[in-house]
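Text of model.txt, listed as compact mmCIF, C-alpha atoms and all ligand atoms:
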```txt
# COMPACT_ATOMS: atom_id res chain seq x y z
CA MET T 14 89.67 91.98 54.75
CA GLN T 15 91.79 95.12 55.14
CA ASN T 16 92.92 96.41 58.51
CA PHE T 17 90.54 99.07 59.82
CA PHE T 18 89.72 101.40 62.73
CA ILE T 19 86.80 101.36 65.17
CA GLY T 20 86.07 104.52 67.17
CA LEU T 21 84.08 104.40 70.41
CA SER T 22 82.14 107.28 71.93
CA SER T 23 79.58 107.88 74.70
CA ILE T 24 76.34 109.83 74.90
CA HIS T 25 76.33 110.73 78.57
CA TRP T 26 72.66 111.69 78.47
CA ARG T 27 71.72 108.09 77.66
CA GLU T 28 72.73 107.21 81.22
CA ALA T 29 72.16 110.59 82.89
CA TRP T 30 68.37 110.64 82.38
CA LYS T 31 68.25 107.61 84.66
CA TYR T 32 71.35 107.70 86.85
CA GLY T 33 72.08 111.43 87.17
CA GLU T 34 75.66 112.28 88.09
CA ARG T 35 76.72 108.66 88.15
CA ALA T 36 76.21 108.60 84.38
CA PHE T 37 79.75 109.66 83.62
CA ARG T 38 81.31 106.71 85.36
CA TYR T 39 78.71 104.26 84.08
CA CYS T 40 79.57 105.34 80.53
CA GLN T 41 83.23 104.65 81.30
CA HIS T 42 82.36 101.23 82.75
CA ASP T 43 80.37 100.45 79.61
CA LEU T 44 83.30 101.53 77.48
CA GLY T 45 85.50 98.97 79.25
CA HIS T 46 82.86 96.28 78.67
CA ALA T 47 82.69 97.30 75.00
CA LEU T 48 86.46 97.14 74.59
CA ALA T 49 86.53 93.60 75.96
CA CYS T 50 83.60 92.65 73.67
CA LEU T 51 85.50 93.98 70.68
CA ARG T 52 88.63 92.10 71.62
CA TYR T 53 86.77 88.82 72.10
CA ALA T 54 84.90 89.29 68.82
CA ALA T 55 88.12 90.07 66.95
CA ALA T 56 89.79 87.00 68.48
CA THR T 57 87.02 84.72 67.17
CA LEU T 58 88.05 85.89 63.68
CA GLY T 59 91.76 85.55 64.35
CA TRP T 60 92.20 89.33 64.41
CA SER T 61 93.93 91.53 66.97
CA ILE T 62 93.09 94.94 68.42
CA GLU T 63 95.38 97.74 69.44
CA LEU T 64 94.18 100.85 71.28
CA CYS T 65 95.57 104.03 69.71
CA THR T 66 96.77 105.53 72.98
CA GLU T 67 98.39 108.51 71.29
CA VAL T 68 95.12 109.92 69.87
CA GLY T 69 93.63 112.89 71.73
CA ASP T 70 89.91 113.46 72.24
CA ASP T 71 89.85 116.48 69.90
CA GLU T 72 91.38 114.46 67.08
CA LEU T 73 89.00 111.58 67.69
CA ALA T 74 86.06 113.99 67.69
CA ILE T 75 87.16 115.22 64.26
CA ILE T 76 87.54 111.67 62.93
CA LEU T 77 84.09 110.63 64.18
CA GLY T 78 82.39 113.92 63.30
CA LEU T 79 81.54 114.57 66.94
CA ASN T 80 82.90 118.10 66.84
CA ARG T 81 79.96 119.01 64.56
CA SER T 82 77.78 120.37 67.36
CA GLN T 83 75.15 121.51 64.83
CA ASP T 84 74.49 117.83 64.03
CA PHE T 85 73.53 116.98 67.61
CA VAL T 86 70.59 117.88 69.81
CA ALA T 87 71.51 120.16 72.73
CA LEU T 88 72.42 118.21 75.90
CA GLU T 89 72.70 114.98 73.92
CA HIS T 90 76.18 115.45 72.54
CA GLU T 91 78.49 112.51 71.97
CA ALA T 92 81.88 112.35 73.67
CA PRO T 93 84.88 110.74 71.93
CA ASP T 94 86.45 107.91 73.91
CA VAL T 95 88.95 105.73 72.11
CA LEU T 96 90.16 104.69 68.68
CA CYS T 97 90.97 101.01 68.10
CA ARG T 98 93.17 99.72 65.33
CA VAL T 99 91.85 96.35 64.16
CA ARG T 100 94.45 94.16 62.52
CA THR T 101 92.99 91.52 60.25
CA GLN T 102 96.37 90.93 58.65
CA PRO T 103 99.27 90.93 61.09
CA ASP T 104 101.87 91.61 58.40
CA ALA T 105 100.13 94.63 56.86
CA LYS T 106 101.59 98.07 57.60
CA PRO T 107 99.82 99.55 60.65
CA LEU T 108 97.22 102.13 59.65
CA ASP T 109 98.06 105.75 60.38
CA TYR T 110 95.15 107.63 61.94
CA HIS T 111 96.52 111.03 60.82
CA ALA T 112 95.19 110.30 57.33
CA LEU T 113 91.70 109.96 58.85
CA VAL T 114 91.96 113.40 60.46
CA SER T 115 92.78 114.97 57.07
CA LEU T 116 89.99 113.04 55.39
CA ALA T 117 87.49 114.14 58.02
CA HIS T 118 88.43 117.78 57.42
CA THR T 119 87.88 117.57 53.69
CA GLY T 120 85.04 115.01 53.68
CA HIS T 121 81.36 115.68 53.08
CA TRP T 122 79.37 114.99 56.25
CA GLN T 123 75.73 113.94 56.04
CA GLY T 124 72.95 113.35 58.53
CA LYS T 125 71.97 114.55 61.97
CA ALA T 126 71.74 112.64 65.25
CA TYR T 127 68.20 111.79 66.35
CA SER T 128 67.03 113.11 69.68
CA LEU T 129 66.73 110.48 72.37
CA ARG T 130 63.36 112.08 73.08
CA ALA T 131 63.84 112.14 76.82
CA TYR T 132 62.75 115.20 78.72
CA HIS T 133 65.62 117.16 80.14
CA PHE T 134 63.95 117.95 83.46
CA TYR T 135 67.18 117.75 85.38
CA LYS T 136 70.54 118.94 84.22
CA TRP T 137 73.74 117.50 85.57
CA PRO T 138 76.44 120.10 84.84
CA VAL T 139 79.01 118.14 86.83
CA ILE T 140 79.03 115.54 84.06
CA ASP T 141 80.35 118.07 81.55
CA GLU T 142 82.76 119.43 84.16
CA VAL T 143 84.30 116.04 84.84
CA ALA T 144 84.35 115.21 81.12
CA HIS T 145 86.25 118.44 80.52
CA ALA T 146 88.66 117.80 83.41
CA ALA T 147 89.34 114.26 82.21
CA LYS T 148 89.90 115.19 78.60
CA LYS T 149 92.64 113.26 76.81
CA TRP T 150 95.31 115.18 74.90
CA SER T 151 97.30 113.73 72.00
CA ALA T 152 100.52 112.35 73.38
CA PRO T 153 102.50 109.15 73.05
CA GLU T 154 102.13 106.88 76.07
CA SER T 155 104.35 104.17 77.46
CA THR T 156 103.03 100.63 77.49
CA HIS T 157 103.61 97.83 79.98
CA THR T 158 104.69 94.20 80.12
CA PHE T 159 102.28 91.42 80.96
CA MET T 160 102.28 89.02 83.89
CA PRO T 161 103.99 85.76 82.90
CA MET T 162 100.90 83.81 83.89
CA ALA T 163 98.77 81.35 81.98
CA MET T 164 95.02 81.01 82.51
CA LEU T 165 94.02 77.93 84.50
CA PRO T 166 92.22 75.29 82.37
CA SER T 167 88.47 75.20 81.85
CA SER T 168 86.33 72.17 81.09
CA CYS T 169 83.92 74.32 79.05
CA GLN T 170 83.05 72.75 75.67
CA LYS T 171 80.96 75.64 74.35
CA SER T 172 82.16 77.85 71.53
CA ALA T 173 83.03 81.49 72.22
CA ALA T 174 80.11 82.56 70.00
CA GLU T 175 77.65 80.46 72.01
CA ILE T 176 78.84 81.95 75.30
CA ILE T 177 78.83 85.50 73.93
CA ARG T 178 75.34 85.22 72.44
CA THR T 179 73.72 83.70 75.51
CA ARG T 180 75.38 85.94 78.12
CA ARG T 181 72.93 87.87 80.26
CA SER T 182 72.92 89.60 83.63
CA ALA T 183 71.28 87.75 86.50
CA GLN T 184 68.56 89.75 88.22
CA HIS T 185 68.16 87.38 91.17
CA PHE T 186 70.19 84.45 92.40
CA ASN T 187 69.17 81.14 93.91
CA LYS T 188 71.10 80.92 97.16
CA GLN T 189 69.95 77.34 97.86
CA VAL T 190 72.45 75.81 95.44
CA SER T 191 75.55 73.64 95.67
CA PRO T 192 78.81 75.55 96.05
CA MET T 193 80.69 76.69 92.98
CA ARG T 194 83.35 74.13 92.06
CA GLN T 195 86.80 75.20 93.16
CA ASP T 196 88.31 74.69 89.68
CA SER T 197 85.59 76.94 88.19
CA PHE T 198 86.26 79.63 90.79
CA PHE T 199 90.00 79.69 90.27
CA ARG T 200 89.66 79.48 86.49
CA ILE T 201 87.44 82.60 86.58
CA LEU T 202 89.95 84.43 88.78
CA SER T 203 92.89 83.44 86.60
CA ALA T 204 91.10 84.89 83.56
CA VAL T 205 90.99 88.40 85.05
CA LEU T 206 94.73 88.56 85.67
CA PRO T 207 96.52 90.87 83.25
CA SER T 208 98.22 88.09 81.29
CA ALA T 209 98.99 88.18 77.58
CA ALA T 210 95.67 86.42 76.86
CA VAL T 211 92.51 87.90 75.31
CA PRO T 212 91.23 90.51 76.13
CA PHE T 213 94.05 91.96 78.26
CA ASP T 214 96.56 91.55 75.43
CA SER T 215 94.94 94.69 73.98
CA TRP T 216 95.22 96.64 77.27
CA PRO T 217 98.28 98.84 76.77
CA TRP T 218 98.58 100.35 80.25
CA SER T 219 99.93 99.11 83.53
CA PRO T 220 97.22 97.29 85.53
CA ARG T 221 95.79 99.40 88.35
CA VAL T 222 92.80 97.40 89.54
CA ASN T 223 92.73 94.66 92.20
CA LEU T 224 89.80 92.57 93.40
CA LEU T 225 88.52 92.33 96.97
CA LEU T 226 86.26 89.29 97.07
CA PHE T 227 83.49 88.21 99.41
CA VAL T 228 83.49 84.44 99.01
CA HIS T 229 80.09 83.07 100.07
CA ASN T 230 79.72 79.62 98.56
CA VAL T 231 82.75 78.06 96.89
CA GLU T 232 83.76 74.44 97.41
CA GLY T 233 86.90 74.13 99.56
CA VAL T 234 87.34 77.90 100.02
CA ASP T 235 86.31 79.18 103.46
CA ALA T 236 83.72 81.94 103.39
CA GLY T 237 85.46 85.24 103.96
CA LEU T 238 87.15 88.29 102.53
CA TYR T 239 89.95 87.71 100.02
CA ALA T 240 92.18 89.76 97.73
CA LEU T 241 93.24 88.99 94.17
CA VAL T 242 96.22 91.27 93.60
CA ARG T 243 96.40 91.90 89.85
CA GLN T 244 99.24 94.37 90.18
CA PRO T 245 102.08 92.70 92.15
CA GLN T 246 103.57 96.11 92.99
CA HIS T 247 100.43 96.93 94.98
CA LEU T 248 100.77 94.08 97.47
CA THR T 249 102.93 95.90 100.01
CA GLU T 250 100.95 99.14 99.66
CA LEU T 251 97.60 97.41 100.03
CA LYS T 252 98.79 95.60 103.15
CA ALA T 253 99.95 98.91 104.62
CA ALA T 254 96.78 100.78 103.62
CA MET T 255 94.25 98.22 104.87
CA LEU T 256 93.27 96.95 108.36
CA THR T 257 96.15 95.45 110.31
CA ASP T 258 93.87 92.55 111.39
CA PHE T 259 93.96 91.11 107.87
CA SER T 260 96.13 87.99 107.66
CA TRP T 261 97.12 88.15 103.95
CA GLN T 262 97.51 84.40 103.85
CA CYS T 263 98.31 83.22 100.32
CA CYS T 264 95.78 80.52 99.40
CA HIS T 265 96.78 79.36 95.94
CA ALA T 266 99.99 77.99 94.46
CA GLU T 267 99.65 79.86 91.16
CA LEU T 268 97.38 82.83 91.78
CA PRO T 269 98.07 86.00 93.84
CA PHE T 270 95.01 85.15 95.94
CA TYR T 271 95.08 85.96 99.66
CA GLN T 272 92.68 85.35 102.51
CA LEU T 273 92.27 88.50 104.59
CA ILE T 274 89.72 87.29 107.11
CA ALA T 275 87.31 84.34 107.36
CA GLY T 276 83.61 84.88 108.05
CA ASP T 277 80.13 84.99 106.61
CA PHE T 278 79.97 88.36 104.86
CA ARG T 279 76.74 87.88 102.91
CA MET T 280 74.83 90.60 104.73
CA LEU T 281 77.77 92.99 104.60
CA ALA T 282 78.25 92.43 100.86
CA LYS T 283 74.54 93.12 100.30
CA LYS T 284 74.67 96.36 102.28
CA LEU T 285 77.79 97.57 100.48
CA SER T 286 76.14 97.03 97.09
CA CYS T 287 73.21 99.37 97.86
CA HIS T 288 71.30 96.57 99.63
CA GLN T 289 71.06 94.51 96.46
CA ALA T 290 70.54 90.81 97.21
CA ILE T 291 72.51 89.82 94.10
CA ALA T 292 75.66 90.62 96.12
CA SER T 293 74.77 88.21 98.95
CA ASP T 294 72.88 85.35 97.27
CA SER T 295 75.78 84.52 94.96
CA ALA T 296 78.82 82.23 95.12
CA PHE T 297 80.99 85.32 95.43
CA SER T 298 80.79 89.05 94.94
CA LEU T 299 83.60 91.53 94.77
CA ALA T 300 84.76 95.13 94.80
CA MET T 301 87.31 96.38 92.26
CA VAL T 302 89.80 98.55 94.12
CA ALA T 303 92.07 100.70 91.98
CA GLU T 304 95.25 102.62 92.61
CA PHE T 305 93.69 106.06 92.38
CA ALA T 306 94.90 109.38 93.79
CA ASP T 307 98.44 109.34 92.39
CA VAL T 308 97.29 108.01 89.02
CA VAL T 309 94.69 110.72 88.57
CA ALA T 310 96.98 113.46 89.94
CA GLU T 311 99.59 112.56 87.37
CA GLN T 312 97.18 112.45 84.44
CA ALA T 313 93.56 113.50 84.88
CA TRP T 314 92.26 111.51 81.95
CA ALA T 315 93.50 108.30 83.61
CA TYR T 316 90.32 108.65 85.69
CA ARG T 317 88.35 107.38 82.69
CA ARG T 318 90.83 104.65 81.97
CA LEU T 319 90.51 103.21 85.52
CA TYR T 320 86.81 102.59 84.87
CA TRP T 321 87.60 101.10 81.46
CA GLU T 322 89.90 98.61 83.16
CA CYS T 323 87.11 97.73 85.62
CA GLY T 324 84.60 97.32 82.77
CA MET T 325 86.97 95.06 80.91
CA ILE T 326 87.41 92.90 84.01
CA GLY T 327 83.62 92.87 84.36
CA GLN T 328 83.15 91.58 80.82
CA VAL T 329 85.69 88.81 81.42
CA LEU T 330 83.77 87.85 84.56
CA TYR T 331 80.47 87.80 82.64
CA LEU T 332 81.80 85.44 79.96
CA GLU T 333 83.91 83.25 82.22
CA ALA T 334 80.94 82.83 84.57
CA GLU T 335 78.75 81.74 81.62
CA ALA T 336 81.45 79.31 80.47
CA GLU T 337 81.43 77.68 83.91
CA GLU T 338 77.57 77.48 83.83
CA TRP T 339 77.20 80.31 86.35
CA ARG T 340 76.03 83.85 85.71
CA GLY T 341 77.34 87.32 86.53
CA THR T 342 75.97 90.80 87.06
CA GLY T 343 77.87 94.08 87.05
CA ILE T 344 77.05 96.24 90.08
CA GLY T 345 77.52 99.94 89.48
CA CYS T 346 75.49 100.88 92.56
CA TYR T 347 77.53 100.55 95.74
CA PHE T 348 78.65 102.64 98.75
CA ASP T 349 82.32 103.36 98.28
CA ASP T 350 82.82 105.09 101.65
CA ALA T 351 81.45 102.03 103.43
CA VAL T 352 83.66 99.72 101.36
CA HIS T 353 86.67 101.80 102.35
CA GLN T 354 85.64 101.70 105.97
CA ILE T 355 85.43 97.92 106.17
CA LEU T 356 88.78 97.57 104.38
CA GLY T 357 90.37 100.19 106.62
CA LEU T 358 91.22 102.54 103.73
CA THR T 359 91.44 106.04 105.15
CA ASP T 360 92.22 108.01 102.01
CA ASN T 361 91.78 107.53 98.27
CA ARG T 362 95.22 106.26 97.33
CA PHE T 363 93.09 103.19 96.56
CA GLN T 364 89.49 103.63 95.50
CA SER T 365 86.61 101.22 95.02
CA LEU T 366 85.33 101.71 91.44
CA TYR T 367 82.99 98.83 90.50
CA HIS T 368 81.38 95.72 91.97
CA PHE T 369 80.47 92.39 90.44
CA THR T 370 78.72 89.21 91.53
CA VAL T 371 78.49 85.63 90.25
CA GLY T 372 75.85 83.04 91.16
CA ILE T 373 73.14 80.73 89.82
CA PRO T 374 70.35 82.83 88.33
CA LEU T 375 66.69 82.58 89.21
CA GLU T 376 65.09 82.97 85.81
CA ASP T 377 62.16 85.34 85.55
CA GLN T 378 59.71 83.27 83.50
CA ARG T 379 57.87 86.41 82.41
CA LEU T 380 60.88 87.51 80.40
CA GLN T 381 61.57 86.10 76.98
CA THR T 382 64.98 86.05 75.35
CA LEU T 383 65.09 85.99 71.57
CA PRO T 384 68.29 85.30 69.66
CA ALA T 385 70.04 88.60 69.06
CA TYR T 386 71.53 87.55 65.75
CA ALA T 387 68.85 85.16 64.44
CA HIS T 388 69.59 86.04 60.83
CA LEU T 389 73.21 84.91 61.23
CA SER T 390 72.56 81.42 62.63
C1 LIG T 401 78.38 99.18 84.46
C2 LIG T 401 77.20 98.33 84.85
C3 LIG T 401 76.60 98.51 86.09
C4 LIG T 401 75.50 97.73 86.46
N1 LIG T 401 74.94 97.88 87.70
C5 LIG T 401 73.92 97.08 88.09
C6 LIG T 401 73.41 97.16 89.41
O1 LIG T 401 73.88 97.94 90.25
N2 LIG T 401 72.37 96.31 89.73
C7 LIG T 401 71.84 95.41 88.83
O2 LIG T 401 70.90 94.67 89.18
N3 LIG T 401 72.33 95.31 87.58
C8 LIG T 401 73.37 96.11 87.19
N4 LIG T 401 73.92 95.97 85.94
C9 LIG T 401 73.33 95.01 84.99
C10 LIG T 401 72.49 95.75 83.94
O3 LIG T 401 71.26 96.09 84.49
C11 LIG T 401 72.34 94.86 82.71
O4 LIG T 401 73.61 94.68 82.15
C12 LIG T 401 71.42 95.50 81.66
O5 LIG T 401 70.12 95.51 82.15
C13 LIG T 401 71.46 94.72 80.34
O6 LIG T 401 71.14 93.38 80.53
P1 LIG T 401 72.09 92.19 80.07
O7 LIG T 401 73.42 92.35 80.78
O8 LIG T 401 71.37 90.93 80.46
O9 LIG T 401 72.29 92.28 78.57
C14 LIG T 401 75.01 96.74 85.56
C15 LIG T 401 75.65 96.54 84.33
C16 LIG T 401 76.73 97.31 83.98
C17 LIG T 401 77.41 97.04 82.65
```

Could you write out this structure as structure tokens?
Amino acid sequence: MQNFFIGLSSIHWREAWKYGERAFRYCQHDLGHALACLRYAAATLGWSIELCTEVGDDELAIILGLNRSQDFVALEHEAPDVLCRVRTQPDAKPLDYHALVSLAHTGHWQGKAYSLRAYHFYKWPVIDEVAHAAKKWSAPESTHTFMPMAMLPSSCQKSAAEIIRTRRSAQHFNKQVSPMRQDSFFRILSAVLPSAAVPFDSWPWSPRVNLLLFVHNVEGVDAGLYALVRQPQHLTELKAAMLTDFSWQCCHAELPFYQLIAGDFRMLAKKLSCHQAIASDSAFSLAMVAEFADVVAEQAWAYRRLYWECGMIGQVLYLEAEAEEWRGTGIGCYFDDAVHQILGLTDNRFQSLYHFTVGIPLEDQRLQTLPAYAHLS
């Protein structure tokens, strides 16, 4: 198999009809999930993935044919997001995307996008405004070095394919369950650190996102509020920006995992996640808190990338939870002002951008799951 490219794009309307203005960020979250999925899938084949950070949105639109507005239904246009270089052969010369731009100019385009057939009762002009403000220009970008940190071991015997194909979101959790094993908990946390392991080996930018965790039910870990500091340079700033009552007591020999304050925060976690019980009935739930104002001021399009990083972390949490026989759910609905208030954040140097929760699911017997790839097994 030759090396090849995969381009990713978003149709904001697909989310906007349901979620209104929040659609833009949900699309970016999804993009991060998709990037992690691609990286995991490539890894199962022994391939690697590199994000083409230098490609601008206009160039990507040309490559994917998304600049052909006549091919799309009004208000259902498709926004270019990112181009990935898939390497099936590590020694082959890296593909040059410029050739694709020339090909796209001279190529013969066919077909038109179907309408999603939703009624455009409401329009959300702010989505286009933010998309325009966060547009990516072509420019080379510097990359970063990884944390010299290995993932903690897992006792999981399942294959990657099995975990990937059976992953689902929990809709309800059973709170009357034994605590999560401590080794499972710390294994899951170690997997979201920006080490040189899959999928973060394909993440070319400096990590910006840290986790603030509400631990509810984990063996040997007191219930309370904790921080997993993925970016070591943020530790001092986070301590200075957050409540002075927090103890910042390091609780693990190998992980940057700190207890801030002990306590039962189930009800608080539920409130912060738009009153959703999945945030309180779990073993733990968390808020992803990103370095924000300076990053976005320096480069507006980094706004999108912050959500991608959160989505990628979310996908790792989904799969690692499954591997440990638990189950995750991404939580895009939460109250960020309230999160900031309980952490003591008074400005948006740090910003809460996504929530996640992991517990034991209560299966809804009315729902049936069929194998997604039956013809392949
Ligand atoms: C970015 C994102 C945000 C989500 N937010 C919520 C949420 O706030 N509440 C919830 O119950 N589920 C949430 N989910 C879970 C989705 O509802 C779920 O992924 C979707 O229904 C598809 O189901 P599946 O994950 O089982 O394939 C979210 C998922 C993603 C990826």

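When atom CA of T:Phe259 is paired with atom CA of T:Ile274, their separation reads 5.8 Å.
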
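Candidate residues T:Leu299, T:Leu285, T:Ala147, T:Ala36 were compared for distance to T:Glu311, and the nearest is T:Ala147, using all atoms listed in the file.
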
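Ranking T:Ala174, T:Leu21, T:Ile75, T:Val231 by their shortest atom-to-atom distance to T:Arg98, with all atoms listed in the file included, puts T:Leu21 first.
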
Counting only C-alpha atoms, closest pick from T:Ala296, T:Leu268, T:Val222, T:Val234 relative to T:Glu322 is T:Val222

Within 9 Å of ligand LIG 401 (chain T), which residues of chain T show up? Give each one with its shortest atom-to-atom distance in Å (one decimal) and the two atoms involved, counting only C-alpha atoms and all ligand atoms, rows by chain then rising residue number, as a Markdown table.
```
| residue | atom | partner | partner_atom | distance |
| --- | --- | --- | --- | --- |
| T:Arg38 | CA | T:LIG401 | C1 | 8.1 |
| T:Tyr39 | CA | T:LIG401 | C1 | 5.1 |
| T:Cys40 | CA | T:LIG401 | C1 | 7.4 |
| T:Gln41 | CA | T:LIG401 | C1 | 8.0 |
| T:His42 | CA | T:LIG401 | C1 | 4.8 |
| T:Asp43 | CA | T:LIG401 | C1 | 5.4 |
| T:Leu44 | CA | T:LIG401 | C1 | 8.9 |
| T:Gly45 | CA | T:LIG401 | C1 | 8.8 |
| T:His46 | CA | T:LIG401 | C17 | 6.8 |
| T:Arg180 | CA | T:LIG401 | O8 | 6.8 |
| T:Arg181 | CA | T:LIG401 | O8 | 3.4 |
| T:Ser182 | CA | T:LIG401 | O8 | 3.8 |
| T:Ala183 | CA | T:LIG401 | O8 | 6.8 |
| T:Gln184 | CA | T:LIG401 | O2 | 5.5 |
| T:His185 | CA | T:LIG401 | O2 | 8.0 |
| T:Ser286 | CA | T:LIG401 | O1 | 7.3 |
| T:Cys287 | CA | T:LIG401 | O1 | 7.8 |
| T:Gln289 | CA | T:LIG401 | N2 | 7.1 |
| T:Ala290 | CA | T:LIG401 | O2 | 8.9 |
| T:Ile291 | CA | T:LIG401 | O2 | 7.1 |
| T:Cys323 | CA | T:LIG401 | C1 | 8.9 |
| T:Gly324 | CA | T:LIG401 | C1 | 6.7 |
| T:Gly327 | CA | T:LIG401 | C17 | 7.7 |
| T:Gln328 | CA | T:LIG401 | C17 | 8.1 |
| T:Tyr331 | CA | T:LIG401 | O7 | 8.6 |
| T:Gly341 | CA | T:LIG401 | O7 | 8.6 |
| T:Thr342 | CA | T:LIG401 | C9 | 5.4 |
| T:Gly343 | CA | T:LIG401 | C14 | 4.2 |
| T:Ile344 | CA | T:LIG401 | N1 | 3.6 |
| T:Gly345 | CA | T:LIG401 | N1 | 3.8 |
| T:Cys346 | CA | T:LIG401 | O1 | 4.1 |
| T:Tyr347 | CA | T:LIG401 | O1 | 7.1 |
| T:Tyr367 | CA | T:LIG401 | C1 | 7.6 |
| T:His368 | CA | T:LIG401 | O1 | 8.0 |
| T:Phe369 | CA | T:LIG401 | N1 | 8.3 |
```

Write out as a ChimeraX atom specification each polymer residue whose atoms come within 8 Å of stretch 349-352 of chain T, counting all atoms listed in the file; drop sequence neighbours fewer than 5 positions from it.
-> /T:285,364-366

Quick one: write out the picked residues with C-alpha atoms as a CSV table (one decimal), keeping the file's coordinate frame?
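Okay, this is what ended up in again_30.csv:
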```
chain,number,residue,atom,x,y,z
T,285,LEU,CA,77.8,97.6,100.5
T,364,GLN,CA,89.5,103.6,95.5
T,365,SER,CA,86.6,101.2,95.0
T,366,LEU,CA,85.3,101.7,91.4
```

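Candidate residues T:Phe227, T:Trp26, T:Trp314, T:Tyr271 were compared for distance to T:Ala144, and the nearest is T:Trp314, using only C-alpha atoms.
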
Near-T:Ala126 list (12 Å; only C-alpha atoms; drop same-chain fewer than 3 positions) as a VMD selection string = chain T and resid 24 78 to 79 81 to 87 89 to 91 123 129 to 130

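Proximity to T:Leu330 was assessed for T:Ala152, T:Met301, T:Val205, T:Ala173 counting only C-alpha atoms; the smallest distance is recorded for T:Val205.
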
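In this comparison, which uses all atoms listed in the file, the residue of T:Pro374, T:Gly237, T:Gly124, T:Gly59 approaching T:Val99 most closely is T:Gly59.
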
Neighbours of T:Leu113 within 12 Å (only C-alpha atoms; same-chain residues fewer than 6 positions away dropped), as a compact mmCIF listing (two decimals) with C-alpha atoms, in the frame of the given file?
```txt
# COMPACT_ATOMS: atom_id res chain seq x y z
CA PHE T 17 90.54 99.07 59.82
CA PHE T 18 89.72 101.40 62.73
CA ILE T 19 86.80 101.36 65.17
CA GLY T 20 86.07 104.52 67.17
CA VAL T 68 95.12 109.92 69.87
CA GLU T 72 91.38 114.46 67.08
CA LEU T 73 89.00 111.58 67.69
CA ALA T 74 86.06 113.99 67.69
CA ILE T 75 87.16 115.22 64.26
CA ILE T 76 87.54 111.67 62.93
CA LEU T 77 84.09 110.63 64.18
CA GLY T 78 82.39 113.92 63.30
CA LEU T 96 90.16 104.69 68.68
CA THR T 119 87.88 117.57 53.69
CA GLY T 120 85.04 115.01 53.68
```

Calculate how many Å separate atom CA of T:Trp321 from atom CA of T:Ala236, rounding to one decimal.
-> 29.4 Å

Fewer than 3 positions away in the same chain doesn't count, so skip those; otherwise give me all residues within 12 Å of T:Trp216, counting all atoms listed in the file, as a PyMOL selection string.
-> chain T and resi 45+48-49+52+61-66+97+155-159+206-213+219-221+318-319+321-326

Residues from last step as file, C-alpha atoms, as a CSV table (one decimal), keeping the file's coordinate frame:
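The resulting file, part-v1.csv, is reproduced below:
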```csv
chain,number,residue,atom,x,y,z
T,45,GLY,CA,85.5,99.0,79.2
T,48,LEU,CA,86.5,97.1,74.6
T,49,ALA,CA,86.5,93.6,76.0
T,52,ARG,CA,88.6,92.1,71.6
T,61,SER,CA,93.9,91.5,67.0
T,62,ILE,CA,93.1,94.9,68.4
T,63,GLU,CA,95.4,97.7,69.4
T,64,LEU,CA,94.2,100.8,71.3
T,65,CYS,CA,95.6,104.0,69.7
T,66,THR,CA,96.8,105.5,73.0
T,97,CYS,CA,91.0,101.0,68.1
T,155,SER,CA,104.4,104.2,77.5
T,156,THR,CA,103.0,100.6,77.5
T,157,HIS,CA,103.6,97.8,80.0
T,158,THR,CA,104.7,94.2,80.1
T,159,PHE,CA,102.3,91.4,81.0
T,206,LEU,CA,94.7,88.6,85.7
T,207,PRO,CA,96.5,90.9,83.2
T,208,SER,CA,98.2,88.1,81.3
T,209,ALA,CA,99.0,88.2,77.6
T,210,ALA,CA,95.7,86.4,76.9
T,211,VAL,CA,92.5,87.9,75.3
T,212,PRO,CA,91.2,90.5,76.1
T,213,PHE,CA,94.0,92.0,78.3
T,219,SER,CA,99.9,99.1,83.5
T,220,PRO,CA,97.2,97.3,85.5
T,221,ARG,CA,95.8,99.4,88.4
T,318,ARG,CA,90.8,104.6,82.0
T,319,LEU,CA,90.5,103.2,85.5
T,321,TRP,CA,87.6,101.1,81.5
T,322,GLU,CA,89.9,98.6,83.2
T,323,CYS,CA,87.1,97.7,85.6
T,324,GLY,CA,84.6,97.3,82.8
T,325,MET,CA,87.0,95.1,80.9
T,326,ILE,CA,87.4,92.9,84.0
```

Expected residue set, 9 Å radius at (79.9, 91.3, 97.2), all atoms listed in the file, as an MDAnalysis selection string = chainID T and resid 225:229 278:279 281:286 291:293 295 297:300 368:370

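Reported to one decimal place, the separation of atom CA of T:Tyr32 from atom CA of T:Trp137 is 10.2 Å.
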